[in-house]
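S.K.: The file below is my_file.cif, mmCIF, C-alpha atoms:
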```cif
data_input
#
loop_
_atom_site.group_PDB
_atom_site.id
_atom_site.type_symbol
_atom_site.label_atom_id
_atom_site.label_comp_id
_atom_site.auth_asym_id
_atom_site.auth_seq_id
_atom_site.Cartn_x
_atom_site.Cartn_y
_atom_site.Cartn_z
ATOM 1 C CA MET A 1 121.257 69.803 95.200
ATOM 2 C CA VAL A 2 121.240 73.412 93.972
ATOM 3 C CA PRO A 3 118.136 75.272 95.234
ATOM 4 C CA SER A 4 115.803 76.706 92.579
ATOM 5 C CA GLU A 5 115.404 80.464 92.192
ATOM 6 C CA ILE A 6 112.234 80.466 94.270
ATOM 7 C CA GLU A 7 113.785 78.309 97.004
ATOM 8 C CA THR A 8 116.678 80.763 97.191
ATOM 9 C CA ALA A 9 114.189 83.639 97.482
ATOM 10 C CA MET A 10 112.289 81.828 100.275
ATOM 11 C CA GLN A 11 115.551 81.244 102.105
ATOM 12 C CA SER A 12 116.461 84.948 101.801
ATOM 13 C CA MET A 13 113.122 85.931 103.298
ATOM 14 C CA MET A 14 113.568 83.499 106.181
ATOM 15 C CA PHE A 15 117.143 84.420 107.020
ATOM 16 C CA THR A 16 116.431 88.152 106.718
ATOM 17 C CA PHE A 17 113.752 87.769 109.402
ATOM 18 C CA HIS A 18 116.155 85.958 111.735
ATOM 19 C CA LYS A 19 118.914 88.491 111.034
ATOM 20 C CA TYR A 20 116.736 91.160 112.694
ATOM 21 C CA ALA A 21 114.937 88.915 115.214
ATOM 22 C CA GLY A 22 118.274 87.581 116.523
ATOM 23 C CA ASP A 23 117.834 84.729 118.989
ATOM 24 C CA LYS A 24 114.148 85.517 119.412
ATOM 25 C CA SER A 25 111.347 84.002 117.318
ATOM 26 C CA TYR A 26 109.788 87.460 116.739
ATOM 27 C CA MET A 27 110.811 91.034 115.914
ATOM 28 C CA THR A 28 110.212 93.934 118.292
ATOM 29 C CA LYS A 29 109.287 97.403 116.970
ATOM 30 C CA ASP A 30 112.981 98.385 117.086
ATOM 31 C CA ASP A 31 113.895 95.271 115.059
ATOM 32 C CA LEU A 32 111.132 96.122 112.574
ATOM 33 C CA ARG A 33 112.414 99.696 112.252
ATOM 34 C CA MET A 34 115.964 98.492 111.564
ATOM 35 C CA PHE A 35 114.618 95.949 109.070
ATOM 36 C CA MET A 36 112.500 98.533 107.209
ATOM 37 C CA GLU A 37 115.279 101.160 107.153
ATOM 38 C CA ALA A 38 117.843 98.694 105.821
ATOM 39 C CA GLU A 39 115.677 96.631 103.455
ATOM 40 C CA PHE A 40 113.086 99.170 102.199
ATOM 41 C CA PRO A 41 114.834 102.559 102.404
ATOM 42 C CA ASP A 42 113.007 103.942 99.325
ATOM 43 C CA PHE A 43 109.621 102.791 100.561
ATOM 44 C CA LEU A 44 110.073 104.624 103.871
ATOM 45 C CA LYS A 45 111.377 107.735 102.086
ATOM 46 C CA ASN A 46 108.373 107.732 99.743
ATOM 47 C CA GLN A 47 105.961 107.378 102.657
ATOM 48 C CA ASN A 48 107.366 110.662 103.961
ATOM 49 C CA ASP A 49 105.746 109.938 107.320
ATOM 50 C CA PRO A 50 107.817 109.746 110.510
ATOM 51 C CA LEU A 51 105.136 107.464 111.966
ATOM 52 C CA ALA A 52 105.216 104.958 109.058
ATOM 53 C CA VAL A 53 106.954 102.215 111.066
ATOM 54 C CA ASP A 54 104.613 102.754 114.044
ATOM 55 C CA LYS A 55 101.603 102.363 111.748
ATOM 56 C CA ILE A 56 103.017 99.203 110.155
ATOM 57 C CA MET A 57 103.764 97.841 113.632
ATOM 58 C CA LYS A 58 100.181 98.526 114.699
ATOM 59 C CA ASP A 59 98.935 96.565 111.678
ATOM 60 C CA LEU A 60 101.281 93.638 112.232
ATOM 61 C CA ASP A 61 101.105 93.326 116.002
ATOM 62 C CA GLN A 62 97.675 91.734 116.049
ATOM 63 C CA CYS A 63 98.083 90.324 119.569
ATOM 64 C CA ARG A 64 99.209 93.705 120.988
ATOM 65 C CA ASP A 65 102.194 92.082 122.663
ATOM 66 C CA GLY A 66 104.836 94.135 120.840
ATOM 67 C CA HIS A 67 105.880 91.108 118.775
ATOM 68 C CA VAL A 68 106.002 90.681 114.996
ATOM 69 C CA SER A 69 105.809 86.942 114.319
ATOM 70 C CA PHE A 70 107.229 85.338 111.191
ATOM 71 C CA HIS A 71 103.660 84.967 109.990
ATOM 72 C CA SER A 72 102.986 88.725 110.361
ATOM 73 C CA TYR A 73 106.330 89.562 108.776
ATOM 74 C CA PHE A 74 105.406 87.405 105.794
ATOM 75 C CA SER A 75 102.029 89.121 105.444
ATOM 76 C CA LEU A 76 103.893 92.450 105.199
ATOM 77 C CA ILE A 77 106.143 91.031 102.456
ATOM 78 C CA ALA A 78 103.084 89.572 100.710
ATOM 79 C CA GLY A 79 101.270 92.924 100.763
ATOM 80 C CA LEU A 80 104.271 94.756 99.328
ATOM 81 C CA THR A 81 104.910 92.119 96.647
ATOM 82 C CA ILE A 82 101.241 92.029 95.585
ATOM 83 C CA ALA A 83 101.282 95.845 95.305
ATOM 84 C CA CYS A 84 104.456 95.673 93.174
ATOM 85 C CA ASN A 85 102.894 92.983 91.013
ATOM 86 C CA ASP A 86 99.727 95.051 90.470
ATOM 87 C CA TYR A 87 101.894 97.961 89.349
ATOM 88 C CA TYR A 88 103.943 95.690 87.090
ATOM 89 C CA CYS A 89 100.821 94.157 85.483
ATOM 90 C CA LYS A 90 99.195 97.556 84.907
ATOM 91 C CA ASN A 91 102.188 99.461 83.658
ATOM 92 C CA MET A 92 104.961 97.201 82.490
ATOM 93 C CA LYS A 93 103.805 93.707 81.486
ATOM 94 C CA GLY A 94 103.362 93.336 77.708
ATOM 95 C CA LYS A 95 99.662 93.522 76.776
ATOM 96 C CA LYS A 96 98.270 90.480 75.013
ATOM 97 C CA MET B 1 120.100 102.039 93.443
ATOM 98 C CA VAL B 2 121.030 98.432 94.255
ATOM 99 C CA PRO B 3 117.989 96.488 95.523
ATOM 100 C CA SER B 4 118.234 95.011 99.041
ATOM 101 C CA GLU B 5 118.313 91.247 99.566
ATOM 102 C CA ILE B 6 114.613 91.164 100.344
ATOM 103 C CA GLU B 7 113.710 93.324 97.335
ATOM 104 C CA THR B 8 115.681 90.940 95.126
ATOM 105 C CA ALA B 9 113.780 88.003 96.649
ATOM 106 C CA MET B 10 110.423 89.745 96.052
ATOM 107 C CA GLN B 11 111.426 90.393 92.446
ATOM 108 C CA SER B 12 112.371 86.710 91.985
ATOM 109 C CA MET B 13 108.972 85.626 93.279
ATOM 110 C CA MET B 14 107.190 88.033 90.953
ATOM 111 C CA PHE B 15 109.142 87.183 87.829
ATOM 112 C CA THR B 16 108.945 83.447 88.514
ATOM 113 C CA PHE B 17 105.138 83.736 88.507
ATOM 114 C CA HIS B 18 105.154 85.583 85.168
ATOM 115 C CA LYS B 19 107.658 83.123 83.711
ATOM 116 C CA TYR B 20 105.003 80.391 84.042
ATOM 117 C CA ALA B 21 101.898 82.569 83.544
ATOM 118 C CA GLY B 22 103.304 83.965 80.286
ATOM 119 C CA ASP B 23 101.203 86.803 78.903
ATOM 120 C CA LYS B 24 98.303 85.908 81.185
ATOM 121 C CA SER B 25 97.762 87.376 84.660
ATOM 122 C CA TYR B 26 97.151 83.891 86.128
ATOM 123 C CA MET B 27 98.523 80.336 85.936
ATOM 124 C CA THR B 28 96.495 77.394 84.668
ATOM 125 C CA LYS B 29 96.857 73.928 86.214
ATOM 126 C CA ASP B 30 99.409 73.052 83.517
ATOM 127 C CA ASP B 31 101.413 76.190 84.334
ATOM 128 C CA LEU B 32 101.236 75.300 88.032
ATOM 129 C CA ARG B 33 102.445 71.770 87.325
ATOM 130 C CA MET B 34 105.416 73.058 85.306
ATOM 131 C CA PHE B 35 106.177 75.595 88.045
ATOM 132 C CA MET B 36 106.043 72.969 90.842
ATOM 133 C CA GLU B 37 108.101 70.426 88.883
ATOM 134 C CA ALA B 38 110.820 72.950 88.050
ATOM 135 C CA GLU B 39 110.915 74.984 91.277
ATOM 136 C CA PHE B 40 110.017 72.403 93.956
ATOM 137 C CA PRO B 41 111.186 69.045 92.557
ATOM 138 C CA ASP B 42 112.087 67.657 96.005
ATOM 139 C CA PHE B 43 108.804 68.724 97.533
ATOM 140 C CA LEU B 44 106.837 66.866 94.845
ATOM 141 C CA LYS B 45 109.089 63.808 95.140
ATOM 142 C CA ASN B 46 108.613 63.747 98.928
ATOM 143 C CA GLN B 47 104.843 64.018 98.589
ATOM 144 C CA ASN B 48 105.004 60.764 96.629
ATOM 145 C CA ASP B 49 101.463 61.425 95.406
ATOM 146 C CA PRO B 50 100.671 61.613 91.688
ATOM 147 C CA LEU B 51 97.690 63.822 92.572
ATOM 148 C CA ALA B 52 99.748 66.346 94.605
ATOM 149 C CA VAL B 53 99.492 69.107 91.983
ATOM 150 C CA ASP B 54 95.751 68.489 91.538
ATOM 151 C CA LYS B 55 95.243 68.842 95.285
ATOM 152 C CA ILE B 56 97.286 72.051 95.450
ATOM 153 C CA MET B 57 95.318 73.399 92.479
ATOM 154 C CA LYS B 58 92.059 72.634 94.264
ATOM 155 C CA ASP B 59 93.263 74.584 97.301
ATOM 156 C CA LEU B 60 94.465 77.564 95.283
ATOM 157 C CA ASP B 61 91.666 77.830 92.732
ATOM 158 C CA GLN B 62 89.180 79.344 95.159
ATOM 159 C CA CYS B 63 86.946 80.723 92.391
ATOM 160 C CA ARG B 64 86.827 77.373 90.562
ATOM 161 C CA ASP B 65 87.705 79.028 87.281
ATOM 162 C CA GLY B 66 90.911 77.055 86.686
ATOM 163 C CA HIS B 67 93.027 80.125 87.419
ATOM 164 C CA VAL B 68 95.775 80.587 90.008
ATOM 165 C CA SER B 69 96.033 84.330 90.647
ATOM 166 C CA PHE B 70 99.209 86.000 91.863
ATOM 167 C CA HIS B 71 97.532 86.299 95.251
ATOM 168 C CA SER B 72 96.881 82.531 95.433
ATOM 169 C CA TYR B 73 100.388 81.780 94.166
ATOM 170 C CA PHE B 74 101.791 83.944 96.947
ATOM 171 C CA SER B 75 99.704 82.169 99.573
ATOM 172 C CA LEU B 76 101.260 78.877 98.396
ATOM 173 C CA ILE B 77 104.757 80.366 98.765
ATOM 174 C CA ALA B 78 103.790 81.780 102.179
ATOM 175 C CA GLY B 79 102.557 78.395 103.400
ATOM 176 C CA LEU B 80 105.727 76.642 102.255
ATOM 177 C CA THR B 81 108.013 79.317 103.727
ATOM 178 C CA ILE B 82 106.171 79.324 107.060
ATOM 179 C CA ALA B 83 106.486 75.514 107.210
ATOM 180 C CA CYS B 84 110.242 75.779 106.468
ATOM 181 C CA ASN B 85 110.594 78.463 109.130
ATOM 182 C CA ASP B 86 108.806 76.315 111.730
ATOM 183 C CA TYR B 87 111.182 73.480 110.958
ATOM 184 C CA TYR B 88 114.185 75.811 111.142
ATOM 185 C CA CYS B 89 113.083 77.287 114.502
ATOM 186 C CA LYS B 90 112.412 73.879 116.030
ATOM 187 C CA ASN B 91 115.451 72.035 114.763
ATOM 188 C CA MET B 92 118.182 74.360 113.619
ATOM 189 C CA LYS B 93 118.012 77.819 115.216
ATOM 190 C CA GLY B 94 120.368 78.195 118.234
ATOM 191 C CA LYS B 95 118.418 77.970 121.488
ATOM 192 C CA LYS B 96 118.618 81.035 123.736
#
```
In structure tokens, how does this file's structure come out?

M.R.:
Amino acid sequence: MVPSEIETAMQSMMFTFHKYAGDKSYMTKDDLRMFMEAEFPDFLKNQNDPLAVDKIMKDLDQCRDGHVSFHSYFSLIAGLTIACNDYYCKNMKGKK
Amino acid sequence: MVPSEIETAMQSMMFTFHKYAGDKSYMTKDDLRMFMEAEFPDFLKNQNDPLAVDKIMKDLDQCRDGHVSFHSYFSLIAGLTIACNDYYCKNMKGKK
């Protein structure tokens, strides 16, 4: 059975998390930094803030245990995608 | 600039929403049904419940206006991906 486009996208998001988490079920701050630098290089450049990853980590590490769970990782992706979608709807989507 | 794997996945999720929403900024129940049937055929089959889409709509349509916003759509995707990830971690990911 060939996965649909959205199933493929979900799979990418899952396997990207595990690529950086390795054998663990969470990312550390170093894993998060490597993930952000490799997957969102433009976003980090545009932030122009050497503390950007530390700030994101502080947001995501709700339990203050130095771990980014899959759930927290997905909330980061959700936030970024919703921001992109807002921009797309305001500036690019054909007006009815 | 070539988008990263995760950026491509985010783009897929965004454009899939707009494919079913059309010119609107939300999906109706009919749009949601077409989306679920095309993108998650196995999920619907496994639910084996003719009211599955109605139940999902009830969960997502928090404002009771018959609209599924991008935000609600993304929370559906998040729930499904987190469930897949739990399954993957329990049953498929190599144990440390």

S.K.: For chain B, list the residues within 7 Å of chain A, counting only C-alpha atoms, and write the list as a list in words.

M.R.: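 Every residue meeting the condition is included here: Ser4, Glu5, Ile6, Ala9, Met10, Ser12, Met13, Met14, Asp23, Glu39, His71, Phe74, Ala78, Thr81, Ile82, Asn85 and Lys96 of chain B.
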
S.K.: Rounded to one decimal, what separation in Å do you get between CA of Asp30 (chain B) and CA of Ile56 (chain B)?

M.R.: 12.2 Å

S.K.: Report as a PyMOL selection string the full result of the PyMOL selection byres ((chain B and resi 57) around 12) when it is applied to this structure.

M.R.: chain B and resi 27-33+35-36+51-56+58-69+72-73+76

S.K.: For the residues in that selection, give me C-alpha atoms as a PDB file, in the frame of the given file.

M.R.:
```pdb
ATOM      1  CA  MET B  27      98.523  80.336  85.936  1.00  0.00           C
ATOM      2  CA  THR B  28      96.495  77.394  84.668  1.00  0.00           C
ATOM      3  CA  LYS B  29      96.857  73.928  86.214  1.00  0.00           C
ATOM      4  CA  ASP B  30      99.409  73.052  83.517  1.00  0.00           C
ATOM      5  CA  ASP B  31     101.413  76.190  84.334  1.00  0.00           C
ATOM      6  CA  LEU B  32     101.236  75.300  88.032  1.00  0.00           C
ATOM      7  CA  ARG B  33     102.445  71.770  87.325  1.00  0.00           C
ATOM      8  CA  PHE B  35     106.177  75.595  88.045  1.00  0.00           C
ATOM      9  CA  MET B  36     106.043  72.969  90.842  1.00  0.00           C
ATOM     10  CA  LEU B  51      97.690  63.822  92.572  1.00  0.00           C
ATOM     11  CA  ALA B  52      99.748  66.346  94.605  1.00  0.00           C
ATOM     12  CA  VAL B  53      99.492  69.107  91.983  1.00  0.00           C
ATOM     13  CA  ASP B  54      95.751  68.489  91.538  1.00  0.00           C
ATOM     14  CA  LYS B  55      95.243  68.842  95.285  1.00  0.00           C
ATOM     15  CA  ILE B  56      97.286  72.051  95.450  1.00  0.00           C
ATOM     16  CA  LYS B  58      92.059  72.634  94.264  1.00  0.00           C
ATOM     17  CA  ASP B  59      93.263  74.584  97.301  1.00  0.00           C
ATOM     18  CA  LEU B  60      94.465  77.564  95.283  1.00  0.00           C
ATOM     19  CA  ASP B  61      91.666  77.830  92.732  1.00  0.00           C
ATOM     20  CA  GLN B  62      89.180  79.344  95.159  1.00  0.00           C
ATOM     21  CA  CYS B  63      86.946  80.723  92.391  1.00  0.00           C
ATOM     22  CA  ARG B  64      86.827  77.373  90.562  1.00  0.00           C
ATOM     23  CA  ASP B  65      87.705  79.028  87.281  1.00  0.00           C
ATOM     24  CA  GLY B  66      90.911  77.055  86.686  1.00  0.00           C
ATOM     25  CA  HIS B  67      93.027  80.125  87.419  1.00  0.00           C
ATOM     26  CA  VAL B  68      95.775  80.587  90.008  1.00  0.00           C
ATOM     27  CA  SER B  69      96.033  84.330  90.647  1.00  0.00           C
ATOM     28  CA  SER B  72      96.881  82.531  95.433  1.00  0.00           C
ATOM     29  CA  TYR B  73     100.388  81.780  94.166  1.00  0.00           C
ATOM     30  CA  LEU B  76     101.260  78.877  98.396  1.00  0.00           C
TER      31      LEU B  76
END
```

S.K.: To one decimal in Å, tell me the separation between CA of Asn91 (chain A) and CA of Asp49 (chain A).

M.R.: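 CA of Asn91 (chain A) sits 26.1 Å away from CA of Asp49 (chain A).
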
S.K.: Please indicate the distance in Å from CA of Ala83 (chain B) to CA of Glu37 (chain B), rounded to one decimal place.

M.R.: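 Going from CA of Ala83 (chain B) over to CA of Glu37 (chain B), I get 19.1 Å.
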
S.K.: Since the input lacks some atoms of region 22-33 of chain B, please model all heavy atoms and print them as a PDB file, in the frame of the given file.

M.R.:
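Dumped to rebuild.pdb:
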```pdb
ATOM      1  N   GLY B  22     103.165  83.431  81.641  1.00  0.00           N
ATOM      2  CA  GLY B  22     103.304  83.965  80.286  1.00  0.00           C
ATOM      3  C   GLY B  22     102.612  85.314  80.173  1.00  0.00           C
ATOM      4  O   GLY B  22     102.718  86.126  81.083  1.00  0.00           O
ATOM      5  N   ASP B  23     101.859  85.511  79.103  1.00  0.00           N
ATOM      6  CA  ASP B  23     101.203  86.803  78.903  1.00  0.00           C
ATOM      7  C   ASP B  23      99.955  86.956  79.767  1.00  0.00           C
ATOM      8  O   ASP B  23      99.394  88.048  79.847  1.00  0.00           O
ATOM      9  CB  ASP B  23     100.785  86.956  77.429  1.00  0.00           C
ATOM     10  CG  ASP B  23     101.994  87.148  76.531  1.00  0.00           C
ATOM     11  OD1 ASP B  23     103.041  87.583  77.065  1.00  0.00           O
ATOM     12  OD2 ASP B  23     101.885  86.866  75.327  1.00  0.00           O
ATOM     13  N   LYS B  24      99.517  85.856  80.367  1.00  0.00           N
ATOM     14  CA  LYS B  24      98.303  85.908  81.185  1.00  0.00           C
ATOM     15  C   LYS B  24      98.607  86.526  82.565  1.00  0.00           C
ATOM     16  O   LYS B  24      99.760  86.654  82.943  1.00  0.00           O
ATOM     17  CB  LYS B  24      97.749  84.485  81.382  1.00  0.00           C
ATOM     18  CG  LYS B  24      97.630  83.680  80.098  1.00  0.00           C
ATOM     19  CD  LYS B  24      96.978  82.327  80.304  1.00  0.00           C
ATOM     20  CE  LYS B  24      97.713  81.343  81.209  1.00  0.00           C
ATOM     21  NZ  LYS B  24      99.144  81.096  80.944  1.00  0.00           N
ATOM     22  N   SER B  25      97.553  86.852  83.303  1.00  0.00           N
ATOM     23  CA  SER B  25      97.762  87.376  84.660  1.00  0.00           C
ATOM     24  C   SER B  25      97.510  86.269  85.693  1.00  0.00           C
ATOM     25  O   SER B  25      97.393  86.538  86.884  1.00  0.00           O
ATOM     26  CB  SER B  25      96.830  88.561  84.915  1.00  0.00           C
ATOM     27  OG  SER B  25      95.489  88.141  84.752  1.00  0.00           O
ATOM     28  N   TYR B  26      97.401  85.023  85.244  1.00  0.00           N
ATOM     29  CA  TYR B  26      97.151  83.891  86.128  1.00  0.00           C
ATOM     30  C   TYR B  26      97.879  82.663  85.572  1.00  0.00           C
ATOM     31  O   TYR B  26      98.297  82.653  84.408  1.00  0.00           O
ATOM     32  CB  TYR B  26      95.640  83.595  86.215  1.00  0.00           C
ATOM     33  CG  TYR B  26      95.018  83.359  84.859  1.00  0.00           C
ATOM     34  CD1 TYR B  26      95.037  82.100  84.262  1.00  0.00           C
ATOM     35  CD2 TYR B  26      94.450  84.416  84.146  1.00  0.00           C
ATOM     36  CE1 TYR B  26      94.507  81.893  82.997  1.00  0.00           C
ATOM     37  CE2 TYR B  26      93.910  84.223  82.876  1.00  0.00           C
ATOM     38  CZ  TYR B  26      93.944  82.954  82.311  1.00  0.00           C
ATOM     39  OH  TYR B  26      93.419  82.766  81.048  1.00  0.00           O
ATOM     40  N   MET B  27      98.014  81.625  86.419  1.00  0.00           N
ATOM     41  CA  MET B  27      98.523  80.336  85.936  1.00  0.00           C
ATOM     42  C   MET B  27      97.353  79.372  85.783  1.00  0.00           C
ATOM     43  O   MET B  27      96.420  79.396  86.584  1.00  0.00           O
ATOM     44  CB  MET B  27      99.464  79.712  86.975  1.00  0.00           C
ATOM     45  CG  MET B  27     100.826  80.327  87.081  1.00  0.00           C
ATOM     46  SD  MET B  27     101.853  79.188  88.095  1.00  0.00           S
ATOM     47  CE  MET B  27     103.020  80.302  88.794  1.00  0.00           C
ATOM     48  N   THR B  28      97.437  78.517  84.788  1.00  0.00           N
ATOM     49  CA  THR B  28      96.495  77.394  84.668  1.00  0.00           C
ATOM     50  C   THR B  28      97.068  76.209  85.461  1.00  0.00           C
ATOM     51  O   THR B  28      98.194  76.288  85.971  1.00  0.00           O
ATOM     52  CB  THR B  28      96.356  76.966  83.196  1.00  0.00           C
ATOM     53  OG1 THR B  28      97.653  76.527  82.758  1.00  0.00           O
ATOM     54  CG2 THR B  28      95.895  78.108  82.309  1.00  0.00           C
ATOM     55  N   LYS B  29      96.327  75.110  85.510  1.00  0.00           N
ATOM     56  CA  LYS B  29      96.857  73.928  86.214  1.00  0.00           C
ATOM     57  C   LYS B  29      98.133  73.430  85.546  1.00  0.00           C
ATOM     58  O   LYS B  29      99.059  72.992  86.238  1.00  0.00           O
ATOM     59  CB  LYS B  29      95.805  72.815  86.280  1.00  0.00           C
ATOM     60  CG  LYS B  29      96.261  71.667  87.167  1.00  0.00           C
ATOM     61  CD  LYS B  29      95.119  70.851  87.714  1.00  0.00           C
ATOM     62  CE  LYS B  29      94.698  69.777  86.736  1.00  0.00           C
ATOM     63  NZ  LYS B  29      93.625  68.940  87.326  1.00  0.00           N
ATOM     64  N   ASP B  30      98.192  73.486  84.209  1.00  0.00           N
ATOM     65  CA  ASP B  30      99.409  73.052  83.517  1.00  0.00           C
ATOM     66  C   ASP B  30     100.599  73.942  83.869  1.00  0.00           C
ATOM     67  O   ASP B  30     101.721  73.461  84.043  1.00  0.00           O
ATOM     68  CB  ASP B  30      99.187  73.048  81.990  1.00  0.00           C
ATOM     69  CG  ASP B  30      98.351  71.853  81.554  1.00  0.00           C
ATOM     70  OD1 ASP B  30      98.193  70.912  82.373  1.00  0.00           O
ATOM     71  OD2 ASP B  30      97.833  71.863  80.419  1.00  0.00           O
ATOM     72  N   ASP B  31     100.336  75.261  83.936  1.00  0.00           N
ATOM     73  CA  ASP B  31     101.413  76.190  84.334  1.00  0.00           C
ATOM     74  C   ASP B  31     101.885  75.856  85.742  1.00  0.00           C
ATOM     75  O   ASP B  31     103.084  75.831  86.026  1.00  0.00           O
ATOM     76  CB  ASP B  31     100.915  77.651  84.326  1.00  0.00           C
ATOM     77  CG  ASP B  31     100.446  78.123  82.961  1.00  0.00           C
ATOM     78  OD1 ASP B  31     100.969  77.622  81.948  1.00  0.00           O
ATOM     79  OD2 ASP B  31      99.546  78.999  82.914  1.00  0.00           O
ATOM     80  N   LEU B  32     100.907  75.604  86.631  1.00  0.00           N
ATOM     81  CA  LEU B  32     101.236  75.300  88.032  1.00  0.00           C
ATOM     82  C   LEU B  32     102.076  74.030  88.119  1.00  0.00           C
ATOM     83  O   LEU B  32     103.049  73.962  88.867  1.00  0.00           O
ATOM     84  CB  LEU B  32      99.945  75.134  88.851  1.00  0.00           C
ATOM     85  CG  LEU B  32     100.145  74.825  90.336  1.00  0.00           C
ATOM     86  CD1 LEU B  32     100.679  76.039  91.089  1.00  0.00           C
ATOM     87  CD2 LEU B  32      98.840  74.359  90.988  1.00  0.00           C
ATOM     88  N   ARG B  33     101.694  73.026  87.312  1.00  0.00           N
ATOM     89  CA  ARG B  33     102.445  71.770  87.325  1.00  0.00           C
ATOM     90  C   ARG B  33     103.888  72.010  86.870  1.00  0.00           C
ATOM     91  O   ARG B  33     104.836  71.541  87.505  1.00  0.00           O
ATOM     92  CB  ARG B  33     101.764  70.742  86.407  1.00  0.00           C
ATOM     93  CG  ARG B  33     102.389  69.348  86.477  1.00  0.00           C
ATOM     94  CD  ARG B  33     101.690  68.371  85.540  1.00  0.00           C
ATOM     95  NE  ARG B  33     100.261  68.288  85.768  1.00  0.00           N
ATOM     96  CZ  ARG B  33      99.690  67.558  86.742  1.00  0.00           C
ATOM     97  NH1 ARG B  33     100.449  66.846  87.545  1.00  0.00           N
ATOM     98  NH2 ARG B  33      98.387  67.537  86.866  1.00  0.00           N
TER      99      ARG B  33
END
```
